[in-house]
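Enquirer: Handing you this structure, nothing more for now.
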Amino acid sequence: MTEEKLTIQQKLIQIQSELKVPKNNFSEYGGYNFRNAEDILKAVKKHNLEYGLLLTLTDVPLFIEGRFYIRSTATLSDGKESICIDAYAREAESKSKMDDSQLTGSASSYARKYALQGLYLVDDGIDPDSLNEGEEEPEKSEQEVFFDYFKFYANGVAELTNKPYEEIEANVLGVNTFARLEDVTPDMYAQVIGTVKVMGKRAELQLKENETAAKVTGKSTSASQTTNFTWGK
């Protein structure tokens with residue numbers, strides 16, 4: 001069957017089997033690779049051109065149960081028929097340091113990524129290095145990875161300062177103008193992790209200064225607290 005006689009469904013199947021979108025972006029705070037909507041668009045353009053298909057992306061804002069959502073639609077057309085895939089993303093409840101347009105843009109980027117992944121069957125796959133003795137575990141979402149790293153470092157600060165974890169979390173979120181951990185937007189993940197790391201470095205420095213002062217004055221002090229955290233630069 002020649003390319004001209006292929007239906008749009010058959011052309012899409014061919015593209016899905018040929019398309020490769022590597023995770024070329026690296027998250028410094030999480031230590032993992034990821035892909036975004038721009039990566040998928042860049043990779044698929046040559047395939048769409050080869051098969052004579054037009055891809056368009058549209059966004060529609062929705063207000064559902066008191067929250068704003070963005071519905072992104074990826075539409076693939078051959079001029080006669082079309083295939084559409086929808087995906088949704090919710091705007092963060094807390095505006096943090098972003099204006100309204102940035103909040104909407106962040107939600108749009110996420111929704112478009114998942115609409116494109118659904119259209120072209122781009123899956124996140126399994127990281128072989130993360131498997132536990134041959135057991136296949138699904139790759140965590142970016143938000144789940146953020147939660148893990150935040151709690152890891154925040155618990156380290158709590159240990160160094162002898163303060164409850166809840167207080168550390170509230171302080172870090174307050175500095176970044178968020179009310180809840182769930183409200184932190186993806187583009188703020190690195191900044192929030194950076195804040196808690198700075199708190200950890202300061203806590204370690206304070207402990208060392210207290211120990212030095214105690215040695216100079218000859219006063220007894222509690223045993224040094226050590227952690228296994230690397231706070232970064």
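FYI, nothing fancy with the structure tokens labels: chains A, B, ... in order, residues from 1 per chain, ligands from 1 as they appear.
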Can you pull out every residue within 10 Å of Asp123 (chain A), counting only C-alpha atoms, but drop anything in the same chain fewer than 3 positions away, and send it as a list of chain:residue names?

Expert: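 Within the cut-off, the hits are A:Val21, A:Tyr114, A:Gln117, A:Gly118, A:Tyr120, A:Ile126.
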
Enquirer: Could you dump the residues just selected with C-alpha atoms as a PDB file, in the first residue's frame?

Expert:
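This went into again02.pdb:
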ATOM      1  CA  VAL A  21      11.602  11.027  22.060  1.00  0.00           C
ATOM      2  CA  TYR A 114       0.099  14.569  28.020  1.00  0.00           C
ATOM      3  CA  GLN A 117       1.930  11.604  24.636  1.00  0.00           C
ATOM      4  CA  GLY A 118      -1.555  10.169  24.270  1.00  0.00           C
ATOM      5  CA  TYR A 120       1.667   9.513  19.674  1.00  0.00           C
ATOM      6  CA  ILE A 126      10.656   1.896  33.099  1.00  0.00           C
TER       7      ILE A 126
END

Enquirer: Skip region 83-85 of chain A itself and residues of its chain fewer than 3 positions away, then list as a ChimeraX atom specification all residues within 12 Å of it, counting only C-alpha atoms.

Expert: /A:7-13,53-59,71-80,88,111-121

Enquirer: What's around region 32-43 of chain A at 7 Å? Count only C-alpha atoms, leave out sequence neighbours fewer than 2 positions away in its own chain, and write the answer as a list in words.

Expert: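 In the requested form, the answer reads Val21, Lys23, Asn24, Asn25, Phe26, Ser27, Gly30, Lys45, Lys46, Ser109, Arg112 and Lys113 of chain A.
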
Enquirer: Under the rule that only C-alpha atoms are counted, which of A:Ala154, A:Leu205, A:Leu160, A:Ala213 is the nearest residue to Val192 (chain A)?

Expert: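 With only C-alpha atoms as the atom set, the closest residue is A:Ala154.
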
Enquirer: For Val157 (chain A), list every protein, DNA or RNA residue within 7 Å, evaluated using only C-alpha atoms, and leave out those in the same chain fewer than 3 positions away; present the list as a PDB file with N, CA and C atoms, in the first residue's frame.

Expert:
ATOM      1  N   TYR A 153      14.949  16.077  52.455  1.00  0.00           N
ATOM      2  CA  TYR A 153      15.760  17.186  52.935  1.00  0.00           C
ATOM      3  C   TYR A 153      15.118  17.884  54.132  1.00  0.00           C
ATOM      4  N   ALA A 154      13.800  18.021  54.129  1.00  0.00           N
ATOM      5  CA  ALA A 154      13.129  18.679  55.254  1.00  0.00           C
ATOM      6  C   ALA A 154      13.291  17.870  56.534  1.00  0.00           C
ATOM      7  N   LEU A 160      18.520  18.229  62.369  1.00  0.00           N
ATOM      8  CA  LEU A 160      19.599  19.123  62.774  1.00  0.00           C
ATOM      9  C   LEU A 160      19.136  20.194  63.756  1.00  0.00           C
ATOM     10  N   THR A 161      17.907  20.639  63.613  1.00  0.00           N
ATOM     11  CA  THR A 161      17.411  21.752  64.418  1.00  0.00           C
ATOM     12  C   THR A 161      16.555  21.315  65.604  1.00  0.00           C
ATOM     13  N   MET A 199      18.470  25.946  54.164  1.00  0.00           N
ATOM     14  CA  MET A 199      18.164  25.820  55.591  1.00  0.00           C
ATOM     15  C   MET A 199      19.028  24.736  56.228  1.00  0.00           C
ATOM     16  N   GLY A 200      19.240  23.646  55.511  1.00  0.00           N
ATOM     17  CA  GLY A 200      20.067  22.564  56.031  1.00  0.00           C
ATOM     18  C   GLY A 200      21.518  22.971  56.198  1.00  0.00           C
ATOM     19  N   ALA A 203      21.818  25.219  59.174  1.00  0.00           N
ATOM     20  CA  ALA A 203      21.692  24.473  60.428  1.00  0.00           C
ATOM     21  C   ALA A 203      22.997  23.748  60.762  1.00  0.00           C
TER      22      ALA A 203
END

Enquirer: Tell me, in Å to one decimal, how far CA of Ile64 (chain A) is from CA of Asp86 (chain A).

Expert: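 Between CA of Ile64 (chain A) and CA of Asp86 (chain A) the gap is 16.2 Å.
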
Enquirer: Can you pull out the residues contacting Gly105 (chain A)? Cut-off 12 Å, using only C-alpha atoms, and skip same-chain residues under 4 positions away; I want them as a compact mmCIF listing (two decimals) with N, CA and C atoms, in the first residue's frame.

Expert:
# COMPACT_ATOMS: atom_id res chain seq x y z
N ASP A 59 -5.93 25.19 23.46
CA ASP A 59 -6.20 25.17 24.89
C ASP A 59 -7.56 25.82 25.17
N VAL A 60 -8.28 25.25 26.13
CA VAL A 60 -9.55 25.81 26.57
C VAL A 60 -9.56 25.86 28.09
N PRO A 61 -9.75 27.03 28.70
CA PRO A 61 -9.84 27.11 30.16
C PRO A 61 -11.20 26.64 30.64
N TYR A 69 -9.00 24.79 35.28
CA TYR A 69 -8.30 23.74 34.56
C TYR A 69 -8.01 24.22 33.14
N ILE A 70 -7.01 23.61 32.52
CA ILE A 70 -6.73 23.84 31.12
C ILE A 70 -6.92 22.51 30.39
N ARG A 71 -7.80 22.53 29.38
CA ARG A 71 -7.97 21.35 28.53
C ARG A 71 -7.21 21.59 27.24
N SER A 72 -6.19 20.79 27.00
CA SER A 72 -5.41 20.90 25.78
C SER A 72 -5.82 19.79 24.82
N ALA A 89 -4.99 19.74 32.84
CA ALA A 89 -4.07 20.10 33.93
C ALA A 89 -4.73 21.20 34.74
N ARG A 90 -4.58 21.13 36.05
CA ARG A 90 -5.20 22.11 36.93
C ARG A 90 -4.21 23.19 37.32
N GLU A 91 -4.68 24.43 37.30
CA GLU A 91 -3.83 25.52 37.76
C GLU A 91 -3.62 25.41 39.26
N ALA A 92 -2.43 25.81 39.73
CA ALA A 92 -2.14 25.75 41.16
C ALA A 92 -3.06 26.70 41.91
N MET A 98 4.23 33.78 40.73
CA MET A 98 3.87 33.86 39.33
C MET A 98 2.60 34.67 39.16
N ASP A 99 2.49 35.36 38.02
CA ASP A 99 1.25 36.05 37.74
C ASP A 99 0.28 35.07 37.09
N ASP A 100 -0.94 35.54 36.79
CA ASP A 100 -1.97 34.65 36.27
C ASP A 100 -1.57 34.00 34.95
N SER A 101 -0.92 34.76 34.08
CA SER A 101 -0.54 34.21 32.79
C SER A 101 0.49 33.09 32.93
N SER A 109 1.37 23.85 29.48
CA SER A 109 2.52 23.04 29.08
C SER A 109 2.35 21.59 29.51
N TYR A 110 1.84 21.40 30.74
CA TYR A 110 1.64 20.04 31.22
C TYR A 110 0.53 19.34 30.45
N ALA A 111 -0.58 20.03 30.24
CA ALA A 111 -1.69 19.41 29.52
C ALA A 111 -1.30 19.06 28.09
N ARG A 112 -0.57 19.95 27.44
CA ARG A 112 -0.14 19.68 26.06
C ARG A 112 0.80 18.48 25.99
N THR A 185 4.07 24.60 42.13
CA THR A 185 4.00 24.37 40.70
C THR A 185 5.32 23.81 40.18
N PRO A 186 5.28 23.04 39.08
CA PRO A 186 6.50 22.38 38.57
C PRO A 186 7.66 23.32 38.34
N ASP A 187 7.39 24.55 37.87
CA ASP A 187 8.50 25.45 37.60
C ASP A 187 9.12 26.01 38.87

Enquirer: Under the rule that only C-alpha atoms are counted, which of A:Ala190, A:Phe147, A:Gly66, A:Val122 is the nearest residue to Leu19 (chain A)?

Expert: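 That would be A:Val122, the residue with the smallest distance to Leu19 (chain A).
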